[in-house]
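So this block is query.cif, mmCIF, C-alpha atoms:
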```cif
data_structure
#
loop_
_atom_site.label_atom_id
_atom_site.label_comp_id
_atom_site.auth_asym_id
_atom_site.auth_seq_id
_atom_site.Cartn_x
_atom_site.Cartn_y
_atom_site.Cartn_z
CA MET A 196 1.63 -47.92 -25.52
CA ASP A 197 3.32 -51.34 -25.57
CA ARG A 198 3.51 -51.44 -21.77
CA ASN A 199 2.30 -49.65 -18.69
CA PRO A 200 4.30 -46.53 -17.91
CA SER A 201 7.10 -46.59 -15.33
CA PRO A 202 6.53 -45.37 -11.78
CA PRO A 203 6.42 -41.59 -11.44
CA PRO A 204 9.69 -39.71 -11.03
CA PRO A 205 10.53 -38.16 -7.65
CA ARG A 206 8.80 -34.91 -6.83
CA LEU A 207 10.76 -31.70 -6.98
CA GLY A 208 13.27 -31.57 -4.17
CA GLU A 209 13.19 -35.29 -3.41
CA GLU A 210 16.42 -35.93 -5.29
CA GLU A 211 18.22 -33.68 -2.85
CA ASP A 212 16.42 -35.13 0.15
CA GLY A 213 18.02 -38.53 0.45
CA GLU A 214 16.06 -39.46 3.58
CA GLU A 215 12.70 -38.96 1.89
CA VAL A 216 13.76 -40.89 -1.18
CA ALA A 217 15.08 -43.66 1.07
CA GLY A 218 11.55 -44.48 2.15
CA GLY A 219 10.08 -41.72 4.31
CA ASP A 220 7.33 -41.04 1.74
CA CYS A 221 7.18 -44.50 0.17
CA ILE A 222 4.23 -46.87 0.38
CA GLY A 223 5.46 -49.96 2.22
CA GLY A 224 8.54 -51.36 0.51
CA THR A 225 7.64 -49.91 -2.90
CA VAL A 226 9.01 -46.88 -4.74
CA TYR A 227 5.58 -45.29 -4.99
CA SER A 228 5.12 -41.94 -3.25
CA LYS A 229 2.20 -41.46 -0.89
CA HIS A 230 1.98 -37.83 -1.92
CA TRP A 231 1.76 -38.81 -5.58
CA LEU A 232 -0.91 -41.44 -4.95
CA PHE A 233 -3.07 -39.12 -2.89
CA GLY A 234 -2.70 -36.43 -5.56
CA VAL A 235 -3.80 -38.78 -8.33
CA LEU A 236 -6.78 -40.01 -6.35
CA SER A 237 -7.81 -36.45 -5.45
CA ARG A 238 -7.64 -35.34 -9.09
CA LEU A 239 -9.55 -38.44 -10.16
CA ILE A 240 -12.30 -37.68 -7.66
CA GLN A 241 -12.55 -34.13 -8.98
CA ILE A 242 -12.82 -35.40 -12.56
CA VAL A 243 -15.64 -37.84 -11.89
CA LYS A 244 -17.44 -35.47 -9.53
CA PRO A 245 -20.69 -34.29 -11.21
CA GLU A 246 -20.89 -30.57 -11.90
CA ASN A 247 -23.95 -28.53 -11.03
CA THR A 248 -23.61 -26.29 -14.07
CA LYS A 249 -23.49 -27.23 -17.72
CA ALA A 250 -19.89 -27.26 -18.94
CA SER A 251 -18.93 -24.98 -21.78
CA SER A 252 -17.30 -26.28 -24.94
CA ASP A 253 -13.94 -25.04 -23.67
CA ASP A 254 -14.46 -26.92 -20.45
CA GLU A 255 -15.34 -30.08 -22.37
CA GLU A 256 -12.13 -29.76 -24.38
CA GLN A 257 -10.14 -29.28 -21.19
CA GLN A 258 -11.90 -32.27 -19.66
CA THR A 259 -10.81 -34.42 -22.60
CA GLU A 260 -7.22 -33.29 -22.17
CA LEU A 261 -7.33 -34.14 -18.45
CA ASP A 262 -8.64 -37.60 -19.21
CA GLU A 263 -5.71 -38.24 -21.49
CA GLU A 264 -3.32 -36.91 -18.91
CA MET A 265 -4.86 -39.05 -16.21
CA GLU A 266 -4.58 -42.22 -18.27
CA ASN A 267 -0.87 -42.60 -17.56
CA GLU A 268 -1.37 -41.89 -13.88
CA ILE A 269 -4.17 -44.44 -13.61
CA CYS A 270 -1.95 -47.03 -15.31
CA ARG A 271 0.67 -46.35 -12.67
CA VAL A 272 -1.89 -46.86 -9.92
CA TRP A 273 -2.84 -50.14 -11.58
CA ASP A 274 0.79 -51.23 -11.61
CA MET A 275 1.07 -50.33 -7.95
CA SER A 276 -2.04 -52.35 -7.07
CA MET A 277 -0.41 -55.42 -8.62
CA ASP A 278 2.41 -55.29 -6.07
CA GLU A 279 2.25 -58.48 -3.95
CA GLU A 280 2.61 -56.69 -0.64
CA ILE A 281 -0.12 -54.18 -1.44
CA CYS A 282 -2.49 -56.90 -2.73
CA VAL A 283 -2.18 -58.86 0.50
CA GLY A 284 -2.54 -55.64 2.48
CA ILE A 285 -5.79 -54.84 0.68
CA LEU A 286 -7.10 -58.34 1.42
CA GLY A 287 -6.09 -57.87 5.05
CA ASN A 288 -8.12 -54.68 5.26
CA MET A 289 -11.10 -56.36 3.60
CA ALA A 290 -10.88 -59.37 5.93
CA CYS A 291 -11.68 -57.10 8.87
CA PHE A 292 -15.31 -57.41 7.73
CA GLN A 293 -16.73 -60.77 8.79
CA GLU A 294 -18.61 -61.61 5.57
CA ILE A 295 -15.60 -60.83 3.40
CA CYS A 296 -13.33 -62.78 5.74
CA VAL A 297 -15.57 -65.82 5.31
CA LEU A 298 -15.49 -65.41 1.51
CA ILE A 299 -11.68 -65.14 1.46
CA SER A 300 -11.31 -68.12 3.76
CA SER A 301 -13.68 -70.32 1.75
CA ASP A 302 -11.58 -69.93 -1.41
CA LYS A 303 -9.17 -72.86 -1.18
CA ASN A 304 -6.95 -71.69 -4.05
CA LEU A 305 -6.64 -68.20 -2.58
CA GLY A 306 -5.81 -69.77 0.76
CA GLN A 307 -2.97 -71.74 -0.80
CA VAL A 308 -1.60 -68.64 -2.50
CA LEU A 309 -1.71 -66.61 0.71
CA LEU A 310 0.07 -69.28 2.71
CA HIS A 311 2.78 -69.47 0.06
CA CYS A 312 3.39 -65.76 0.67
CA LEU A 313 4.89 -66.82 4.00
CA TYR A 314 7.81 -68.28 2.05
CA ASP A 315 8.57 -64.86 0.57
CA SER A 316 11.76 -63.03 1.50
CA ASP A 317 10.19 -59.56 1.36
CA PRO A 318 9.50 -58.23 4.92
CA PRO A 319 6.53 -56.00 3.94
CA THR A 320 4.87 -58.92 2.16
CA LEU A 321 5.49 -61.17 5.16
CA LEU A 322 4.09 -58.49 7.47
CA GLU A 323 0.90 -58.04 5.47
CA THR A 324 0.45 -61.80 5.09
CA SER A 325 0.84 -62.29 8.84
CA ARG A 326 -1.63 -59.49 9.49
CA LEU A 327 -4.16 -61.14 7.18
CA LEU A 328 -3.66 -64.55 8.81
CA LEU A 329 -4.08 -63.09 12.29
CA THR A 330 -7.31 -61.40 11.21
CA CYS A 331 -8.69 -64.68 9.87
CA LEU A 332 -7.54 -66.69 12.88
CA SER A 333 -9.37 -64.21 15.09
CA GLN A 334 -12.68 -64.97 13.37
CA THR A 335 -14.34 -67.94 15.08
CA GLU A 336 -16.19 -69.01 11.94
CA VAL A 337 -13.04 -69.56 9.87
CA ALA A 338 -10.21 -70.03 12.39
CA SER A 339 -10.29 -73.83 12.18
CA VAL A 340 -10.05 -73.67 8.37
CA TRP A 341 -6.77 -71.77 8.57
CA VAL A 342 -5.38 -73.95 11.36
CA GLU A 343 -5.98 -77.03 9.23
CA ARG A 344 -4.42 -75.42 6.16
CA ILE A 345 -1.34 -74.44 8.14
CA ARG A 346 -1.10 -77.96 9.52
CA GLU A 347 -1.06 -79.25 5.92
CA HIS A 348 1.98 -77.06 5.15
CA PRO A 349 4.84 -78.15 7.44
CA ALA A 350 7.18 -75.78 5.59
CA ILE A 351 5.34 -72.87 7.22
CA PHE A 352 6.95 -73.89 10.51
CA ASP A 353 10.39 -73.62 8.92
CA SER A 354 9.58 -70.21 7.46
CA ILE A 355 8.27 -68.84 10.75
CA CYS A 356 11.27 -70.20 12.65
CA PHE A 357 13.56 -68.52 10.12
CA ILE A 358 11.75 -65.20 10.54
CA MET A 359 11.87 -65.35 14.33
CA SER A 360 15.52 -66.32 14.45
CA SER A 361 16.90 -63.98 11.80
CA SER A 362 14.66 -60.95 11.23
CA THR A 363 15.50 -57.55 12.69
CA ASN A 364 12.16 -56.05 11.64
CA VAL A 365 10.36 -55.60 14.96
CA ASP A 366 6.97 -54.95 13.34
CA LEU A 367 7.25 -58.23 11.46
CA LEU A 368 8.45 -60.11 14.55
CA MET A 369 5.53 -58.75 16.56
CA LYS A 370 2.95 -59.79 13.98
CA VAL A 371 4.50 -63.24 13.40
CA GLY A 372 4.60 -63.71 17.18
CA GLU A 373 0.90 -62.87 17.39
CA VAL A 374 0.15 -65.46 14.70
CA VAL A 375 2.11 -68.17 16.52
CA ASP A 376 0.53 -67.23 19.84
CA LYS A 377 -2.94 -67.40 18.31
CA LEU A 378 -2.24 -70.75 16.64
CA PHE A 379 -0.95 -72.31 19.86
CA ASP A 380 -3.87 -70.89 21.82
CA LEU A 381 -6.39 -72.24 19.30
CA ASP A 382 -4.96 -75.70 18.75
CA GLU A 383 -2.83 -77.62 21.23
CA LYS A 384 -2.40 -80.42 18.70
CA LEU A 385 -0.73 -78.05 16.24
CA MET A 386 1.49 -76.72 19.03
CA LEU A 387 2.60 -80.26 19.85
CA GLU A 388 3.27 -80.97 16.20
CA TRP A 389 5.44 -77.88 15.90
CA ILE A 390 7.34 -78.84 19.04
CA ARG A 391 7.92 -82.38 17.84
CA ASN A 392 8.32 -81.71 14.12
CA GLY A 393 10.78 -78.97 14.95
CA THR A 394 13.04 -81.44 16.67
CA ALA A 395 16.37 -81.67 14.94
CA GLN A 396 18.08 -84.98 15.52
CA PRO A 397 21.72 -84.64 16.66
CA PRO A 398 24.60 -85.81 14.50
CA GLU A 399 25.50 -89.48 14.46
CA PRO A 400 26.34 -90.22 18.10
CA ARG A 401 29.90 -90.97 19.00
CA GLN A 402 30.85 -93.85 21.22
CA GLY A 403 29.48 -93.24 24.69
CA ASP A 404 26.97 -90.60 23.48
CA ALA A 405 24.11 -92.95 22.66
CA ASP A 406 21.80 -91.15 25.08
CA GLU A 407 22.32 -87.71 23.54
CA GLN A 408 19.00 -85.88 23.36
CA PRO A 409 17.49 -84.20 20.27
CA VAL A 410 17.69 -80.42 19.93
CA PHE A 411 14.37 -78.57 19.96
CA ARG A 412 14.17 -75.70 17.49
CA ILE A 413 11.06 -73.79 18.53
CA VAL A 414 12.32 -72.33 21.83
CA PRO A 415 15.65 -70.89 20.55
CA CYS A 416 13.74 -69.17 17.74
CA VAL A 417 11.21 -67.67 20.16
CA LEU A 418 14.04 -66.51 22.43
CA GLU A 419 15.93 -64.89 19.57
CA ALA A 420 12.81 -62.99 18.48
CA ALA A 421 12.12 -61.94 22.08
CA LYS A 422 15.64 -60.56 22.45
CA GLN A 423 15.29 -58.56 19.24
CA VAL A 424 11.90 -57.19 20.26
CA ARG A 425 13.21 -56.33 23.73
CA SER A 426 16.04 -54.23 22.32
CA GLU A 427 13.65 -51.98 20.38
CA ASN A 428 10.22 -52.39 21.95
CA PRO A 429 10.24 -53.88 25.47
CA GLU A 430 6.48 -53.41 25.72
CA GLY A 431 6.08 -55.84 22.84
CA LEU A 432 7.54 -58.77 24.80
CA ASP A 433 4.10 -59.82 26.03
CA VAL A 434 3.31 -61.99 23.01
CA TYR A 435 6.57 -63.95 23.10
CA MET A 436 6.38 -64.50 26.84
CA HIS A 437 2.86 -65.84 26.36
CA ILE A 438 4.11 -68.24 23.67
CA LEU A 439 6.62 -69.63 26.18
CA GLN A 440 3.86 -69.89 28.78
CA LEU A 441 1.69 -71.86 26.35
CA LEU A 442 4.61 -74.22 25.72
CA THR A 443 4.83 -74.98 29.45
CA THR A 444 1.22 -76.18 29.48
CA VAL A 445 2.34 -79.47 27.90
CA ASP A 446 5.13 -81.82 28.96
CA ASP A 447 6.79 -81.75 25.55
CA GLY A 448 6.88 -77.96 25.74
CA ILE A 449 8.62 -77.98 29.11
CA GLN A 450 11.11 -80.50 27.77
CA ALA A 451 11.69 -78.26 24.75
CA ILE A 452 12.77 -75.54 27.20
CA VAL A 453 14.76 -77.45 29.80
CA GLN A 454 16.13 -80.53 28.06
CA CYS A 455 18.88 -78.76 26.14
CA PRO A 456 21.34 -77.13 28.59
CA ASP A 457 21.94 -74.06 26.45
CA THR A 458 18.22 -73.50 25.77
CA GLY A 459 17.30 -73.92 29.43
CA LYS A 460 20.01 -71.53 30.60
CA ASP A 461 19.19 -68.96 27.92
CA THR A 462 15.49 -69.03 28.75
CA TRP A 463 16.13 -68.72 32.47
CA ALA A 464 18.69 -65.94 32.00
CA LEU A 465 16.39 -63.82 29.81
CA LEU A 466 13.33 -64.15 32.02
CA PHE A 467 15.30 -63.73 35.24
CA ASP A 468 16.83 -60.52 33.89
CA LEU A 469 13.40 -59.19 32.87
CA VAL A 470 11.78 -59.63 36.29
CA CYS A 471 14.82 -58.64 38.34
CA HIS A 472 16.08 -55.70 36.30
CA GLU A 473 13.36 -54.44 33.98
CA PHE A 474 9.75 -55.00 34.99
CA CYS A 475 8.19 -53.71 38.22
CA GLN A 476 11.34 -52.24 39.71
CA SER A 477 11.66 -50.61 43.13
CA ASP A 478 11.76 -47.11 41.63
CA ASP A 479 8.64 -47.69 39.48
CA PRO A 480 5.27 -46.39 40.68
CA PRO A 481 3.06 -49.25 41.94
CA ILE A 482 0.45 -48.55 39.27
CA ILE A 483 2.95 -49.71 36.61
CA LEU A 484 1.79 -53.21 37.52
CA GLN A 485 -1.45 -52.59 35.63
CA GLU A 486 0.55 -52.25 32.41
CA GLN A 487 2.83 -55.19 33.11
CA LYS A 488 0.46 -57.69 34.76
CA THR A 489 0.01 -59.98 31.74
CA VAL A 490 3.66 -60.16 30.74
CA LEU A 491 4.72 -60.71 34.37
CA ALA A 492 2.18 -63.51 34.73
CA SER A 493 3.66 -65.25 31.69
CA ILE A 494 7.26 -64.76 32.83
CA PHE A 495 6.65 -66.00 36.37
CA SER A 496 4.68 -68.96 35.04
CA VAL A 497 7.58 -70.05 32.81
CA LEU A 498 10.18 -69.43 35.51
CA SER A 499 8.10 -71.47 37.94
CA ALA A 500 7.91 -74.36 35.47
CA ILE A 501 11.67 -74.26 34.96
CA TYR A 502 12.28 -73.98 38.70
CA ALA A 503 10.08 -77.01 39.37
CA SER A 504 12.06 -79.05 36.84
CA GLN A 505 15.48 -78.21 38.27
CA ALA A 506 15.48 -81.26 40.55
CA ASP A 507 15.87 -83.43 37.45
CA GLN A 508 18.00 -80.99 35.47
CA GLU A 509 21.41 -80.36 37.00
CA HIS A 510 22.25 -77.65 34.45
CA LEU A 511 19.28 -75.59 35.68
CA LYS A 512 20.24 -75.38 39.34
CA THR A 513 19.37 -71.80 40.25
CA GLY A 514 21.10 -71.48 43.61
CA LYS A 515 21.79 -67.77 44.13
CA ALA A 516 18.73 -66.81 42.07
CA ASP A 517 16.32 -67.52 44.93
CA LEU A 518 16.76 -64.27 46.85
CA PRO A 519 16.44 -61.84 43.89
CA LEU A 520 13.32 -63.72 42.77
CA ILE A 521 11.83 -63.53 46.26
CA ASP A 522 12.48 -59.79 46.24
CA SER A 523 10.78 -59.37 42.85
CA LEU A 524 7.79 -61.54 43.72
CA ILE A 525 7.15 -59.75 47.01
CA ARG A 526 7.42 -56.38 45.29
CA VAL A 527 4.83 -57.49 42.72
CA LEU A 528 2.50 -58.69 45.47
CA ARG A 529 2.91 -55.44 47.39
CA ASN A 530 2.18 -53.34 44.30
CA MET A 531 -0.81 -55.54 43.61
CA GLU A 532 -2.33 -54.58 46.93
CA HIS A 533 -1.96 -50.93 45.97
CA CYS A 534 -3.62 -51.50 42.58
CA GLN A 535 -6.51 -53.42 44.11
CA LYS A 536 -7.16 -50.70 46.69
CA LYS A 537 -7.12 -48.06 43.97
CA SER A 538 -9.47 -50.16 41.86
CA GLU A 539 -11.91 -50.55 44.76
CA ASN A 540 -11.90 -46.81 45.41
CA SER A 541 -12.44 -46.12 41.73
CA THR A 542 -15.37 -48.53 41.56
CA GLU A 543 -17.02 -46.99 44.60
CA SER A 544 -16.78 -43.48 43.20
CA ASN A 545 -17.77 -44.40 39.64
CA THR A 546 -21.17 -45.72 38.61
CA GLU A 547 -20.58 -45.98 34.87
CA LYS A 548 -21.17 -49.56 33.70
CA ASN A 549 -18.35 -49.73 31.18
CA LYS A 550 -15.76 -48.54 33.68
CA LYS A 551 -16.96 -51.11 36.20
CA SER A 552 -16.46 -53.74 33.52
CA ASP A 553 -12.90 -52.52 32.88
CA SER A 554 -12.19 -52.66 36.60
CA SER A 555 -13.44 -56.26 36.79
CA GLN A 556 -11.21 -57.20 33.87
CA ASP A 557 -8.21 -55.62 35.62
CA ASP A 558 -9.04 -57.54 38.80
CA PHE A 559 -9.24 -60.77 36.80
CA HIS A 560 -5.74 -60.35 35.35
CA LEU A 561 -4.35 -59.26 38.69
CA LYS A 562 -5.82 -62.37 40.30
CA ILE A 563 -4.10 -64.55 37.71
CA LEU A 564 -0.81 -62.80 38.42
CA LYS A 565 -1.34 -63.19 42.16
CA ASP A 566 -2.06 -66.92 41.90
CA ILE A 567 1.02 -67.53 39.75
CA SER A 568 3.23 -65.37 41.98
CA CYS A 569 2.10 -67.07 45.17
CA GLU A 570 2.65 -70.55 43.77
CA PHE A 571 6.12 -69.62 42.55
CA LEU A 572 7.00 -67.91 45.84
CA SER A 573 5.87 -70.96 47.81
CA ASN A 574 8.09 -73.20 45.68
CA ILE A 575 11.10 -70.98 46.36
CA PHE A 576 10.32 -70.81 50.10
CA GLN A 577 10.33 -74.61 50.24
CA ALA A 578 13.86 -74.69 48.85
CA LEU A 579 15.32 -72.10 51.23
CA THR A 580 18.11 -73.16 53.55
CA LYS A 581 19.26 -71.64 56.81
CA GLU A 582 22.26 -70.12 55.01
CA THR A 583 20.10 -68.56 52.30
CA VAL A 584 17.69 -67.05 54.83
CA ALA A 585 20.60 -65.57 56.76
CA GLN A 586 21.97 -64.08 53.56
CA GLY A 587 18.55 -62.67 52.67
CA LEU A 588 18.23 -60.94 56.02
CA LYS A 589 21.71 -59.51 55.68
CA GLU A 590 21.21 -58.21 52.13
CA GLY A 591 17.65 -56.95 52.63
CA GLN A 592 15.68 -59.32 50.42
CA LEU A 593 14.04 -60.57 53.62
CA ASN A 594 12.83 -58.38 56.50
CA LYS A 595 9.72 -58.01 58.64
CA GLN A 596 7.81 -55.93 56.10
CA LYS A 597 8.57 -58.22 53.18
CA CYS A 598 7.91 -61.39 55.13
CA SER A 599 4.59 -59.99 56.32
CA CYS A 600 3.59 -59.23 52.73
CA ALA A 601 4.57 -62.76 51.70
CA PHE A 602 2.66 -64.37 54.58
CA GLN A 603 -0.41 -62.27 53.96
CA ASN A 604 -0.59 -63.58 50.39
CA LEU A 605 0.52 -67.16 51.03
CA LEU A 606 -1.83 -67.84 53.95
CA PRO A 607 -3.95 -69.86 54.33
CA PHE A 608 -3.41 -71.86 51.10
CA TYR A 609 0.30 -72.40 51.66
CA SER A 610 0.31 -72.69 55.47
CA PRO A 611 2.73 -75.67 55.62
CA VAL A 612 5.25 -73.74 53.52
CA VAL A 613 5.04 -70.69 55.80
CA GLU A 614 5.33 -72.87 58.92
CA ASP A 615 8.50 -74.52 57.62
CA PHE A 616 9.93 -71.09 56.75
CA ILE A 617 9.20 -69.82 60.28
CA LYS A 618 11.09 -72.78 61.72
CA ILE A 619 14.16 -71.97 59.62
CA LEU A 620 13.84 -68.26 60.42
CA SER A 621 13.72 -69.04 64.15
CA GLU A 622 17.18 -70.57 63.89
CA VAL A 623 18.52 -67.44 62.21
CA ASP A 624 16.58 -64.60 63.86
CA LYS A 625 14.23 -65.81 66.61
CA ALA A 626 13.10 -62.28 67.51
CA LEU A 627 11.87 -61.67 63.96
CA ALA A 628 10.21 -65.06 63.83
CA ASP A 629 8.36 -64.29 67.08
CA GLU A 630 7.23 -60.90 65.78
CA LEU A 631 5.83 -62.49 62.64
CA GLU A 632 4.02 -65.13 64.68
CA GLU A 633 2.47 -62.36 66.77
CA SER A 634 1.30 -60.65 63.60
CA PHE A 635 -0.30 -63.86 62.31
CA PRO A 636 -2.05 -65.50 65.30
CA THR A 637 -3.40 -68.46 63.31
CA LEU A 638 0.13 -69.30 62.33
CA LYS A 639 1.25 -69.22 65.97
CA VAL A 640 -1.47 -71.66 66.97
CA GLN A 641 -0.47 -74.09 64.24
CA THR A 642 3.22 -74.02 65.14
#
```
Translate this structure into structure tokens?
Amino acid sequence: MDRNPSPPPPRLGEEEDGEEVAGGDCIGGTVYSKHWLFGVLSRLIQIVKPENTKASSDDEEQQTELDEEMENEICRVWDMSMDEEICVGILGNMACFQEICVLISSDKNLGQVLLHCLYDSDPPTLLETSRLLLTCLSQTEVASVWVERIREHPAIFDSICFIMSSSTNVDLLMKVGEVVDKLFDLDEKLMLEWIRNGTAQPPEPRQGDADEQPVFRIVPCVLEAAKQVRSENPEGLDVYMHILQLLTTVDDGIQAIVQCPDTGKDTWALLFDLVCHEFCQSDDPPIILQEQKTVLASIFSVLSAIYASQADQEHLKTGKADLPLIDSLIRVLRNMEHCQKKSENSTESNTEKNKKSDSSQDDFHLKILKDISCEFLSNIFQALTKETVAQGLKEGQLNKQKCSCAFQNLLPFYSPVVEDFIKILSEVDKALADELEESFPTLKVQT
């Protein structure tokens, strides 16, 4: 033969079944059938399997014919293995073993080739490449090697931004998000470089616009990916919310969020909608907080950072957002109490070591969420006016039960905040303020 044979034709019945031909039985983004591949491999195993009895001459002749028949099929398998997506996928599977991961990572030329795969336009190839990168970045021994290589390829930032801002493939967006999250978590310097290097200078300023600020690219791309993921897999938002949270750990990251009016408003609007209308809602069972604790911690952390910056950013004035956020934060804190009580009961009745460990891990994440929620709630309480408190009492975001829950979590660390709130509340509803003071004697003494 002058060339390897073409891929196998569709199996009987596939031509009529348009859905199966369209990709239901295909391997990745290729035209190769899973059923065909498994069949070839099964027959190949049978051929090479040693027989317990001596084959007759007829059997030997039949064996020779099968070998000739299998030659074309094996050539097809070889062609399939040369597909870029499948090659990277195989390397990704191999990299799960530490020794092989080290070998792959130590090959500089292979590293260059793999990083160049991120410039590809084929989603399956991008997915497998991202999976391989994430596997390597998760290995302590080689993570720094890959971080440095990525730093040496600024174009990777452009490629990842393009994927996040334009792809509709949720699996790809999830994996790329995990890579970015891991990179930012591993190396703050790289995160700062991506924030700064991703700054697009505005057009030549017109007269009077000399102070126009640059436009940051990273946040709009993250937001676009988050919106796409939310529409198809809300549970997958965790990684993109954590990326935003990591950005707020540095001043440049906060500026990247709040400096541009549109970016600041878009970020606030998305996160506000998530906590007020999607996560931990009033009709959800309290235990749902265990599933949502990490994503809520990230969202509240970012919202808190934006809220704290609003004094210097007129376009971020939240105003009417205070009461819905108070309602959401108090609901989270109330559900947290339920989860902690259930966890304590479970620990008391269970002596298995591994389950105790899981319970401790849950408590750790809940504590992080509690700390973030309390800090954010205290910041909102400090900004409340007499008019806002009156409106909250009228609409139900504030009442004795909710205020008690808030005080129980805010005291004693945020005593001054609670005292100032009580003073405002006394002007609106003195009876309620007195009841709350009776419920918290230490607060009464201080006021």
Contacts of Ser477 (chain A) within 10 Å, all atoms listed in the file, excl. fewer than 4 positions in-chain, as a list of chain:residue names: A:Cys471, A:His472, A:Pro481, A:Asp522, A:Ser523, A:Arg526, A:Val527, A:Asn530
How about saving the chosen residues, C-alpha atoms kept, as a PDB file, keeping the file's coordinate frame?
```
ATOM      1  CA  CYS A 471      14.820 -58.640  38.340  1.00  0.00           C
ATOM      2  CA  HIS A 472      16.080 -55.700  36.300  1.00  0.00           C
ATOM      3  CA  PRO A 481       3.060 -49.250  41.940  1.00  0.00           C
ATOM      4  CA  ASP A 522      12.480 -59.790  46.240  1.00  0.00           C
ATOM      5  CA  SER A 523      10.780 -59.370  42.850  1.00  0.00           C
ATOM      6  CA  ARG A 526       7.420 -56.380  45.290  1.00  0.00           C
ATOM      7  CA  VAL A 527       4.830 -57.490  42.720  1.00  0.00           C
ATOM      8  CA  ASN A 530       2.180 -53.340  44.300  1.00  0.00           C
TER       9      ASN A 530
END
```
Minimum-distance residue to Asp353 (chain A), chosen among A:His560, A:Arg412, A:Lys537, A:His230 (using only C-alpha atoms):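 Answer, going by the shortest atom-to-atom distance: A:Arg412.
Counting all atoms listed in the file and comparing A:Ala500, A:Ile452, A:Val612, A:Leu564, the residue that lies closest to Leu524 (chain A) is A:Leu564.
Atom pair CA of Leu439 (chain A) / CA of Ala451 (chain A): separated by 10.1 Å.
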Selected residue of minimal separation from Ile285 (chain A) among A:Thr324, A:Gln307, A:Ser300, A:Thr363, counting only C-alpha atoms: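 With only C-alpha atoms as the atom set, the closest residue is A:Thr324.
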Non-local contacts of Lys565 (chain A) (10 Å; all atoms listed in the file; under 5 positions in same chain excluded) as a ChimeraX atom specification: /A:488,492,524,527-528,531-532,559-560,570-571,604-605
Residues selected by the PyMOL selection byres ((chain A and resi 379) around 12), written as number ranges by chain: A: 332, 342, 345-346, 372-378, 380-390, 434-435, 437-445, 448
Spatial neighbours of Leu418 (chain A), 10 Å, all atoms listed in the file, chain gap at least 4 places, as a count of residues only: 15
Asn364 (chain A) environment, 10 Å, all atoms listed in the file, sequence neighbours closer than 4 positions dropped, as a ChimeraX atom specification: /A:318-319,322,358-359,368-369,420,423-424,427
Point-to-point distance from CA of Gly287 (chain A) to CA of Leu328 (chain A), Å rounded to tenths: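 Going from CA of Gly287 (chain A) over to CA of Leu328 (chain A) covers 8.0 Å.
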Close residues, Leu620 (chain A) itself excluded, 10 Å, all atoms listed in the file, min 5 positions apart in chain, as a count of residues only: 12
